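Here is data.tsv, consisting of TSV, C-alpha atoms and all ligand atoms:
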chain	number	residue	atom	x	y	z
S	1	MET	CA	14.06	-3.41	26.08
S	2	THR	CA	14.91	0.24	25.57
S	3	GLN	CA	12.62	3.04	26.65
S	4	GLN	CA	11.72	3.78	23.04
S	5	GLN	CA	10.35	0.26	22.49
S	6	ASN	CA	7.82	0.80	25.24
S	7	TYR	CA	4.92	1.37	22.84
S	8	VAL	CA	2.13	-1.00	21.87
S	9	THR	CA	2.85	-0.39	18.17
S	10	TYR	CA	6.27	-1.95	18.65
S	11	ASP	CA	4.83	-5.04	20.33
S	12	GLU	CA	2.19	-5.36	17.62
S	13	ILE	CA	4.78	-5.20	14.84
S	14	ILE	CA	7.18	-7.74	16.32
S	15	SER	CA	4.47	-10.23	17.35
S	16	GLN	CA	2.67	-10.29	14.00
S	17	THR	CA	3.81	-13.63	12.62
S	18	ASP	CA	1.51	-15.59	14.98
S	19	ALA	CA	-1.42	-13.71	13.50
S	20	TRP	CA	-0.21	-14.63	9.99
S	21	CYS	CA	-0.45	-18.33	10.89
S	22	ASP	CA	-3.91	-17.93	12.39
S	23	ALA	CA	-5.08	-16.13	9.26
S	24	ILE	CA	-4.06	-19.07	7.06
S	25	ASP	CA	-5.77	-21.60	9.33
S	26	ILE	CA	-8.98	-19.59	9.65
S	27	VAL	CA	-9.37	-19.03	5.91
S	28	GLU	CA	-8.50	-22.62	4.96
S	29	SER	CA	-11.05	-23.86	7.51
S	30	LYS	CA	-13.68	-22.11	5.36
S	31	THR	CA	-12.55	-23.69	2.08
S	32	ALA	CA	-15.81	-25.60	1.50
S	33	LYS	CA	-17.92	-22.44	1.79
S	34	ILE	CA	-15.49	-20.38	-0.30
S	35	THR	CA	-15.41	-22.88	-3.15
S	36	GLU	CA	-19.23	-22.79	-3.36
S	37	LEU	CA	-18.85	-19.31	-4.89
S	38	ASN	CA	-18.98	-19.43	-8.67
S	39	LEU	CA	-16.68	-16.67	-9.88
S	40	SER	CA	-18.04	-16.72	-13.42
S	41	SER	CA	-21.51	-15.83	-12.08
S	42	TYR	CA	-20.34	-12.33	-11.08
S	43	HIS	CA	-20.37	-9.40	-13.41
S	44	GLN	CA	-17.94	-7.53	-11.20
S	45	ILE	CA	-15.54	-8.28	-8.36
S	46	LEU	CA	-14.88	-5.34	-6.06
S	47	PHE	CA	-12.56	-4.99	-3.08
S	48	ILE	CA	-13.29	-2.07	-0.75
S	49	GLY	CA	-11.80	-0.51	2.36
S	50	CYS	CA	-10.65	2.82	3.83
S	51	GLY	CA	-7.11	4.05	4.43
S	52	SER	CA	-4.93	1.03	5.16
S	53	THR	CA	-7.67	-1.36	4.17
S	54	TYR	CA	-8.16	0.47	0.85
S	55	TYR	CA	-4.46	-0.10	0.15
S	56	LEU	CA	-4.95	-3.72	1.13
S	57	SER	CA	-7.84	-3.85	-1.34
S	58	MET	CA	-5.52	-2.57	-4.06
S	59	ALA	CA	-3.00	-5.31	-3.33
S	60	ALA	CA	-5.81	-7.89	-3.19
S	61	ALA	CA	-7.42	-6.84	-6.49
S	62	SER	CA	-4.06	-7.15	-8.22
S	63	LEU	CA	-3.51	-10.59	-6.67
S	64	PHE	CA	-7.01	-11.62	-7.66
S	65	ARG	CA	-6.39	-10.64	-11.29
S	66	SER	CA	-3.12	-12.54	-11.50
S	67	ILE	CA	-4.23	-15.68	-9.64
S	68	THR	CA	-7.77	-16.19	-10.95
S	69	GLY	CA	-7.42	-14.51	-14.35
S	70	GLU	CA	-10.68	-12.63	-13.63
S	71	MET	CA	-10.97	-8.85	-13.56
S	72	ALA	CA	-11.24	-7.22	-10.13
S	73	LEU	CA	-11.11	-3.64	-8.95
S	74	ALA	CA	-10.27	-1.93	-5.68
S	75	LEU	CA	-12.13	1.17	-4.55
S	76	PRO	CA	-12.16	3.27	-1.40
S	77	SER	CA	-15.54	2.52	0.22
S	78	SER	CA	-16.59	6.16	-0.11
S	79	GLU	CA	-16.43	5.95	-3.91
S	80	LEU	CA	-19.46	3.64	-3.80
S	81	LEU	CA	-21.42	6.13	-1.73
S	82	PHE	CA	-21.24	9.14	-3.99
S	83	PRO	CA	-23.32	9.50	-7.16
S	84	ASP	CA	-20.62	8.37	-9.59
S	85	GLY	CA	-20.12	5.15	-7.67
S	86	LYS	CA	-23.29	3.36	-8.73
S	87	ILE	CA	-23.22	-0.42	-8.82
S	88	ASN	CA	-25.54	-1.22	-11.71
S	89	HIS	CA	-23.75	-3.85	-13.68
S	90	GLY	CA	-25.38	-7.06	-12.56
S	91	LYS	CA	-24.34	-9.43	-9.78
S	92	VAL	CA	-21.29	-8.33	-7.81
S	93	LEU	CA	-18.92	-10.10	-5.44
S	94	LEU	CA	-18.04	-7.46	-2.85
S	95	ILE	CA	-15.04	-8.13	-0.63
S	96	ALA	CA	-15.10	-5.61	2.23
S	97	ILE	CA	-11.96	-5.26	4.35
S	98	SER	CA	-11.87	-3.42	7.67
S	99	ARG	CA	-9.73	-3.95	10.77
S	100	SER	CA	-12.43	-2.65	13.12
S	101	GLY	CA	-15.51	-3.73	11.18
S	102	THR	CA	-17.08	-0.44	12.26
S	103	THR	CA	-15.78	2.17	9.78
S	104	SER	CA	-18.86	4.12	8.67
S	105	GLU	CA	-18.21	4.25	4.93
S	106	THR	CA	-17.50	0.53	4.59
S	107	LEU	CA	-20.40	-0.41	6.83
S	108	ARG	CA	-22.77	1.81	4.93
S	109	VAL	CA	-21.75	0.43	1.52
S	110	VAL	CA	-22.15	-3.17	2.67
S	111	SER	CA	-25.51	-2.65	4.38
S	112	ASN	CA	-26.91	-0.85	1.32
S	113	PHE	CA	-25.45	-3.54	-0.93
S	114	LYS	CA	-27.21	-6.25	1.10
S	115	GLU	CA	-30.52	-4.36	1.27
S	116	ASN	CA	-30.50	-3.92	-2.51
S	117	LYS	CA	-29.48	-7.59	-3.06
S	118	LEU	CA	-26.63	-6.62	-5.38
S	119	GLY	CA	-24.69	-9.85	-4.88
S	120	ASP	CA	-22.56	-11.68	-2.32
S	121	VAL	CA	-20.36	-10.21	0.41
S	122	ILE	CA	-17.12	-11.51	1.89
S	123	VAL	CA	-15.92	-9.62	4.96
S	124	ILE	CA	-12.31	-9.65	6.16
S	125	THR	CA	-11.76	-8.10	9.58
S	126	ASN	CA	-10.02	-8.53	12.92
S	127	TYR	CA	-13.23	-8.33	14.93
S	128	GLY	CA	-15.63	-11.24	14.49
S	129	GLU	CA	-18.32	-9.59	16.63
S	130	SER	CA	-18.26	-6.33	14.66
S	131	PRO	CA	-21.33	-5.08	12.75
S	132	LEU	CA	-19.52	-5.52	9.43
S	133	SER	CA	-18.61	-9.10	10.21
S	134	LYS	CA	-22.27	-9.89	10.81
S	135	LEU	CA	-23.19	-8.66	7.31
S	136	GLY	CA	-20.89	-11.04	5.43
S	137	ASP	CA	-22.21	-14.07	3.55
S	138	ILE	CA	-18.74	-15.31	4.39
S	139	SER	CA	-16.94	-13.55	7.23
S	140	ILE	CA	-13.29	-14.07	8.02
S	141	ALA	CA	-12.15	-12.66	11.35
S	142	ILE	CA	-8.53	-12.82	12.48
S	143	ASP	CA	-8.74	-11.99	16.20
S	144	LYS	CA	-5.00	-12.37	16.72
S	145	GLY	CA	-4.47	-9.36	14.47
S	146	GLN	CA	-6.36	-7.02	16.84
S	147	GLU	CA	-4.51	-3.94	18.01
S	148	LYS	CA	-4.47	-1.20	20.63
S	149	SER	CA	-2.53	1.17	18.38
S	150	VAL	CA	-4.31	3.57	16.06
S	151	VAL	CA	-1.90	2.58	13.30
S	152	GLN	CA	-2.52	-0.69	11.50
S	153	THR	CA	0.50	-3.00	11.41
S	154	ARG	CA	-0.14	-6.54	12.70
S	155	SER	CA	-3.79	-6.26	11.67
S	156	PHE	CA	-2.90	-5.25	8.12
S	157	ALA	CA	-0.43	-8.10	7.72
S	158	SER	CA	-2.92	-10.63	9.11
S	159	MET	CA	-5.60	-9.43	6.71
S	160	TYR	CA	-3.14	-9.51	3.79
S	161	ILE	CA	-2.49	-13.17	4.55
S	162	ALA	CA	-6.23	-13.80	4.91
S	163	VAL	CA	-7.11	-12.22	1.59
S	164	ALA	CA	-4.17	-13.88	-0.21
S	165	THR	CA	-5.25	-17.28	1.15
S	166	LEU	CA	-8.85	-16.60	0.13
S	167	ILE	CA	-7.78	-15.72	-3.43
S	168	GLN	CA	-5.58	-18.79	-3.60
S	169	ILE	CA	-8.62	-20.93	-2.75
S	170	LEU	CA	-10.83	-19.09	-5.24
S	171	GLY	CA	-8.19	-19.68	-7.90
S	172	SER	CA	-8.04	-23.40	-6.99
S	173	LYS	CA	-4.34	-23.14	-6.32
S	174	GLU	CA	-2.20	-25.17	-3.94
S	175	LYS	CA	-2.71	-24.81	-0.18
S	176	ILE	CA	-0.93	-21.92	1.48
S	177	SER	CA	-0.72	-23.78	4.80
S	178	GLN	CA	2.18	-25.90	3.54
S	179	HIS	CA	4.30	-22.72	3.68
S	180	LYS	CA	2.96	-21.49	7.01
S	181	GLU	CA	5.84	-22.42	9.30
S	182	LEU	CA	8.50	-21.23	6.85
S	183	LEU	CA	6.67	-17.95	6.39
S	184	LYS	CA	6.55	-17.39	10.14
S	185	GLU	CA	10.18	-18.36	10.61
S	186	THR	CA	11.31	-16.07	7.78
S	187	GLY	CA	9.22	-13.17	9.12
S	188	ASN	CA	10.72	-13.53	12.59
S	189	LYS	CA	14.25	-13.76	11.18
S	190	LEU	CA	13.75	-10.61	9.10
S	191	ILE	CA	12.58	-8.67	12.16
S	192	GLU	CA	15.57	-9.86	14.16
S	193	LYS	CA	18.12	-9.31	11.42
S	194	TYR	CA	16.98	-5.92	10.08
S	195	GLU	CA	15.51	-4.08	13.08
S	196	ASN	CA	18.80	-2.22	13.58
S	197	LEU	CA	18.89	-1.22	9.94
S	198	ALA	CA	15.33	0.17	10.24
S	199	ASN	CA	16.37	2.12	13.35
S	200	THR	CA	19.57	3.49	11.79
S	201	LEU	CA	17.77	4.57	8.63
S	202	ALA	CA	15.01	6.18	10.71
S	203	ASN	CA	17.58	8.24	12.59
S	204	ASP	CA	19.10	9.60	9.37
S	205	HIS	CA	17.48	13.03	9.42
S	206	THR	CA	19.28	14.09	6.26
S	207	ILE	CA	16.48	12.13	4.57
S	208	ASN	CA	13.44	14.38	4.23
S	209	GLN	CA	11.35	12.54	1.65
S	210	VAL	CA	10.74	8.86	0.99
S	211	PHE	CA	9.32	7.16	-2.10
S	212	TYR	CA	8.12	3.58	-2.08
S	213	LEU	CA	8.02	1.80	-5.44
S	214	GLY	CA	6.18	-1.45	-6.18
S	215	SER	CA	4.48	-3.29	-9.04
S	216	GLY	CA	1.41	-5.57	-9.02
S	217	PRO	CA	0.27	-6.38	-5.46
S	218	ARG	CA	3.41	-4.66	-4.14
S	219	TYR	CA	1.99	-1.29	-5.25
S	220	GLY	CA	-0.81	-1.54	-2.68
S	221	LEU	CA	1.76	-2.55	-0.07
S	222	ALA	CA	4.02	0.35	-1.10
S	223	ASN	CA	1.09	2.70	-0.43
S	224	GLU	CA	0.50	1.12	2.95
S	225	LEU	CA	4.16	1.42	3.98
S	226	SER	CA	4.17	5.02	2.84
S	227	LEU	CA	1.05	5.60	4.95
S	228	LYS	CA	2.85	4.15	8.01
S	229	LEU	CA	5.57	6.75	7.58
S	230	LYS	CA	3.03	9.55	7.06
S	231	GLU	CA	0.86	8.61	10.03
S	232	MET	CA	3.59	7.90	12.55
S	233	SER	CA	6.30	10.39	11.57
S	234	GLN	CA	4.64	12.96	9.25
S	235	THR	CA	7.42	12.40	6.72
S	236	VAL	CA	6.80	13.57	3.16
S	237	THR	CA	6.30	10.26	1.38
S	238	GLU	CA	4.48	8.79	-1.62
S	239	ALA	CA	4.17	5.46	-3.39
S	240	TYR	CA	4.36	4.82	-7.12
S	241	HIS	CA	4.31	1.95	-9.58
S	242	PHE	CA	7.94	1.37	-10.57
S	243	PHE	CA	7.73	2.51	-14.17
S	244	GLU	CA	5.35	5.37	-13.37
S	245	PHE	CA	8.09	6.98	-11.30
S	246	ARG	CA	10.00	8.03	-14.42
S	247	HIS	CA	6.90	9.77	-15.80
S	248	GLY	CA	7.26	12.90	-13.70
S	249	PRO	CA	7.67	12.07	-10.00
S	250	ILE	CA	11.40	11.43	-10.51
S	251	SER	CA	11.71	15.24	-10.78
S	252	MET	CA	11.34	15.34	-7.00
S	253	VAL	CA	14.45	13.23	-6.36
S	254	ASN	CA	17.48	14.86	-4.75
S	255	ASP	CA	20.22	14.00	-2.28
S	256	ARG	CA	17.78	14.10	0.66
S	257	THR	CA	15.57	11.42	-0.90
S	258	LEU	CA	15.28	7.77	0.04
S	259	VAL	CA	13.77	5.46	-2.59
S	260	ILE	CA	12.63	2.06	-1.32
S	261	GLY	CA	12.01	-0.65	-3.91
S	262	LEU	CA	9.64	-3.53	-3.21
S	263	MET	CA	11.26	-5.80	-5.77
S	264	SER	CA	9.47	-8.50	-7.71
S	265	GLU	CA	11.27	-11.61	-8.88
S	266	LYS	CA	9.80	-11.60	-12.40
S	267	ALA	CA	10.67	-7.99	-13.31
S	268	PHE	CA	13.70	-7.55	-11.07
S	269	ASP	CA	16.04	-6.21	-13.78
S	270	GLN	CA	13.52	-3.73	-15.14
S	271	GLU	CA	12.68	-2.48	-11.63
S	272	LYS	CA	16.37	-2.24	-10.77
S	273	SER	CA	16.86	0.04	-13.79
S	274	VAL	CA	14.50	2.57	-12.18
S	275	ILE	CA	16.52	2.36	-8.97
S	276	GLU	CA	19.72	2.96	-10.98
S	277	ASP	CA	18.13	6.06	-12.51
S	278	VAL	CA	17.28	7.59	-9.12
S	279	THR	CA	20.80	7.06	-7.80
S	280	LYS	CA	22.05	9.30	-10.65
S	281	PHE	CA	20.08	12.13	-9.04
S	282	GLY	CA	21.61	11.57	-5.61
S	283	ALA	CA	18.92	9.44	-3.90
S	284	LYS	CA	19.74	6.86	-1.29
S	285	THR	CA	18.10	3.52	-2.06
S	286	LEU	CA	16.97	0.43	-0.21
S	287	LEU	CA	15.86	-2.73	-2.02
S	288	ILE	CA	13.64	-5.35	-0.40
S	289	GLY	CA	12.83	-8.75	-1.86
S	290	GLU	CA	13.49	-12.42	-2.28
S	291	THR	CA	16.96	-12.23	-3.91
S	292	GLY	CA	19.59	-9.63	-4.78
S	293	THR	CA	18.31	-7.02	-2.29
S	294	ASP	CA	19.48	-5.14	0.82
S	295	ILE	CA	16.68	-6.59	2.94
S	296	LEU	CA	16.75	-10.15	1.76
S	297	PHE	CA	13.95	-12.71	2.25
S	298	ASN	CA	15.79	-15.69	0.78
S	299	SER	CA	12.68	-17.65	1.79
S	300	GLY	CA	12.24	-20.04	-1.12
S	301	ILE	CA	8.48	-19.68	-0.66
S	302	PRO	CA	6.69	-19.71	-4.02
S	303	GLY	CA	3.93	-17.32	-5.00
S	304	GLU	CA	2.55	-14.08	-3.69
S	305	ILE	CA	1.90	-15.00	-0.05
S	306	LYS	CA	5.48	-14.01	0.75
S	307	ASN	CA	4.67	-10.37	-0.08
S	308	VAL	CA	3.74	-10.11	3.60
S	309	LEU	CA	7.49	-10.20	4.25
S	310	PHE	CA	7.77	-6.67	2.83
S	311	LEU	CA	5.84	-5.32	5.79
S	312	PRO	CA	7.45	-5.79	9.24
S	313	VAL	CA	10.86	-4.13	8.77
S	314	MET	CA	9.35	-1.14	7.00
S	315	GLN	CA	6.65	-0.84	9.67
S	316	LEU	CA	9.56	-0.69	12.14
S	317	PHE	CA	11.13	2.03	9.98
S	318	GLY	CA	7.95	4.15	10.38
S	319	TYR	CA	7.87	3.38	14.09
S	320	TYR	CA	11.54	4.28	14.68
S	321	ARG	CA	11.29	7.42	12.55
S	322	ALA	CA	8.42	8.60	14.80
S	323	VAL	CA	10.47	7.85	17.91
S	324	SER	CA	13.54	9.56	16.44
S	325	PHE	CA	11.52	12.78	16.07
S	326	GLY	CA	10.14	12.48	19.62
S	327	LYS	CA	6.65	11.56	18.40
S	328	ASN	CA	4.32	8.98	19.92
S	329	PRO	CA	3.84	6.17	17.34
S	330	ASP	CA	0.84	4.77	19.22
S	331	SER	CA	-1.16	7.91	18.80
S	332	PRO	CA	-0.39	9.75	15.55
S	333	MET	CA	-1.35	13.36	14.92
S	334	ASN	CA	-4.88	14.20	13.73
S	335	ILE	CA	-6.20	10.64	13.29
S	336	THR	CA	-8.34	8.16	15.20
S	337	ALA	CA	-8.38	4.36	15.07
S	338	VAL	CA	-11.78	4.34	13.39
S	339	VAL	CA	-13.54	7.01	11.35
S	340	LYS	CA	-17.21	7.14	12.38
S	341	LEU	CA	-19.43	9.55	10.47
S	342	ASP	CA	-23.09	10.43	10.34
S	343	MET	CA	-23.93	8.91	6.97
S	344	ASP	CA	-27.72	9.28	6.94
S	345	ASP	CA	-27.68	11.62	3.94
S	346	LEU	CA	-25.62	9.34	1.74
S	347	VAL	CA	-27.18	6.74	-0.54
S	348	ILE	CA	-25.83	4.02	-2.74
S	349	GLU	CA	-27.78	4.06	-5.99
L	401	LIG	C1	-9.26	2.02	8.59
L	401	LIG	C2	-8.52	3.17	9.27
L	401	LIG	C3	-7.60	3.79	8.29
L	401	LIG	C4	-6.54	4.66	8.86
L	401	LIG	C5	-6.00	4.26	10.22
L	401	LIG	C6	-6.99	3.66	11.09
L	401	LIG	O1	-10.15	1.47	9.45
L	401	LIG	O2	-9.44	4.15	9.70
L	401	LIG	O3	-8.35	4.57	7.42
L	401	LIG	O4	-5.51	4.65	7.93
L	401	LIG	O5	-4.90	3.36	10.05
L	401	LIG	O6	-7.78	2.69	10.37
L	401	LIG	P1	-10.76	0.01	9.30
L	401	LIG	O7	-12.01	0.16	8.50
L	401	LIG	O8	-9.75	-0.85	8.62
L	401	LIG	O9	-11.03	-0.37	10.73
Please express the file's structure as structure tokens.
Amino acid sequence: MTQQQNYVTYDEIISQTDAWCDAIDIVESKTAKITELNLSSYHQILFIGCGSTYYLSMAAASLFRSITGEMALALPSSELLFPDGKINHGKVLLIAISRSGTTSETLRVVSNFKENKLGDVIVITNYGESPLSKLGDISIAIDKGQEKSVVQTRSFASMYIAVATLIQILGSKEKISQHKELLKETGNKLIEKYENLANTLANDHTINQVFYLGSGPRYGLANELSLKLKEMSQTVTEAYHFFEFRHGPISMVNDRTLVIGLMSEKAFDQEKSVIEDVTKFGAKTLLIGETGTDILFNSGIPGEIKNVLFLPVMQLFGYYRAVSFGKNPDSPMNITAVVKLDMDDLVIE
């Protein structure tokens, strides 16, 4: 182990695949309770979270729409606290996601939601004893995803797996557990095979801005990976939907830009055409995905659960970029592991 790997964030990233497996087992053990929910009885399905867990909510809402065929939205928890965020459309299924289970905004939304009997609550967290966990009609806690680092890596991935497994059950689709071992094996292989690439790329200081592109659930993941880079290395970075990138943001591209594509299988050619466009303006590019990419899953795993494979190598990229600039990835500038606010003046209407 080199000196630079002597951070908890590093250990949390490289050990994450065990937490993925636990997440699948824990959610599938609750199948009977989950299938009691009648999706057609809800007027609205909302996923909420803050920061990383808001981006996870975005990925989850997209997955929910494609797997169940029902409409679902993702919102930052705070948007349900301010006046425009009223929930007044009948019974709601609220899926609240929080690593800590103690973030003030999320906790406040869920406790008000319960008090006002607005519907049912599913909580996804890494802390089963947290106040948020205790408020769930169904609570899913993945302890193995817990972290010492401020930055969410293993926790995020474990909760992605949990929410994807939950949605698979709600959509009455095949069991995720049949792919568990292959998912773990592929995740570990990716870390082993591409860690050097992540490190090399991170040390390329000619790159001064990074764009992550992704469609569907990969857009939420693109935002999360961009956040890793922001938090740990304070790199200028943003995430966009693939085709949105041409509608203005592409103006930012130059020869100091890295564009990272989280490639889908279904729209690979169309997404690749955006990547071809950015190379004309001098950008470096890195493609990640199941086939035809630089970071190659080649997993053979069907469905959206394998989106978790987009995470570990790019989390390592954020980690190594921090280290390459002499920053401490465990303790990023200006942020804390949990945001706790005095919320007494805020009401959900
Ligand atoms: C979410 C959060 C994020 C932030 C950081 C630490 O907390 O505060 O907003 O990006 O990564 O975690 P939680 O509600 O998921 O515990």
Quick one: everything within 8 Å of Met232 in chain S, counting all atoms listed in the file, minus sequence neighbours fewer than 3 positions away in the same chain. Send it as a list in words.
->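 Residues near the query, excluding close chain neighbours: Val151, Lys228, Leu229, Gly318, Tyr319, Arg321, Ala322, Lys327, Asn328, Pro329, Asp330, Ser331, Pro332 and Met333 of chain S.
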Would you name the residues within 6 Å of ligand LIG 401 (chain L), counting all atoms listed in the file, and put them as a VMD selection string?
-> chain S and resid 50 to 53 98 to 101 103 150 to 152 337 to 339
So, counting only C-alpha atoms, which residue among S:Ala96, S:Ile138, S:Ile161, S:Ala60 is closest to Lys306 in chain S?
->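 For Lys306 in chain S, the nearest of the given residues is S:Ile161.
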Which residues of range 257-328 of chain S come within 10 Å of range 15-30 of chain S, and what is each one's closest atom pair and distance in Å (one decimal), counting only C-alpha atoms, sorted by chain and residue number, as JSON lines?
{"residue": "S:Val308", "atom": "CA", "partner": "S:Trp20", "partner_atom": "CA", "distance": 8.8}
{"residue": "S:Leu309", "atom": "CA", "partner": "S:Thr17", "partner_atom": "CA", "distance": 9.8}
{"residue": "S:Pro312", "atom": "CA", "partner": "S:Gln16", "partner_atom": "CA", "distance": 8.1}
Would you mind exporting the chosen residues as a PDB file, keeping the file's coordinate frame, restricted to C-alpha atoms?
ATOM      1  CA  VAL S 308       3.740 -10.110   3.600  1.00  0.00           C
ATOM      2  CA  LEU S 309       7.490 -10.200   4.250  1.00  0.00           C
ATOM      3  CA  PRO S 312       7.450  -5.790   9.240  1.00  0.00           C
TER       4      PRO S 312
END
Distance CA of Ala164 in chain S-CA of Glu290 in chain S, one decimal place?
->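 Computing the Euclidean distance for CA of Ala164 in chain S and CA of Glu290 in chain S yields 17.8 Å.
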Of the listed residues S:Val109, S:Ile260, S:Ile191, S:Ile34, that which approaches Ile122 in chain S most closely, counting all atoms listed in the file =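 Smallest separation from Ile122 in chain S among the options: S:Ile34.
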Provide the CA of Phe310 in chain S to CA of Glu271 in chain S distance in Å, to one decimal place.
->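 Value for the CA of Phe310 in chain S-CA of Glu271 in chain S distance: 15.8 Å.
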Counting all atoms listed in the file, the residue of S:Ser111, S:Asn116, S:Ser133, S:Asn126 that sits nearest Ala157 in chain S =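 Of all the options, S:Asn126 lies closest to Ala157 in chain S.
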Between CA of Ile176 in chain S and CA of Gly303 in chain S, distance in Å (one decimal) |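 Between CA of Ile176 in chain S and CA of Gly303 in chain S the gap works out to 9.3 Å.
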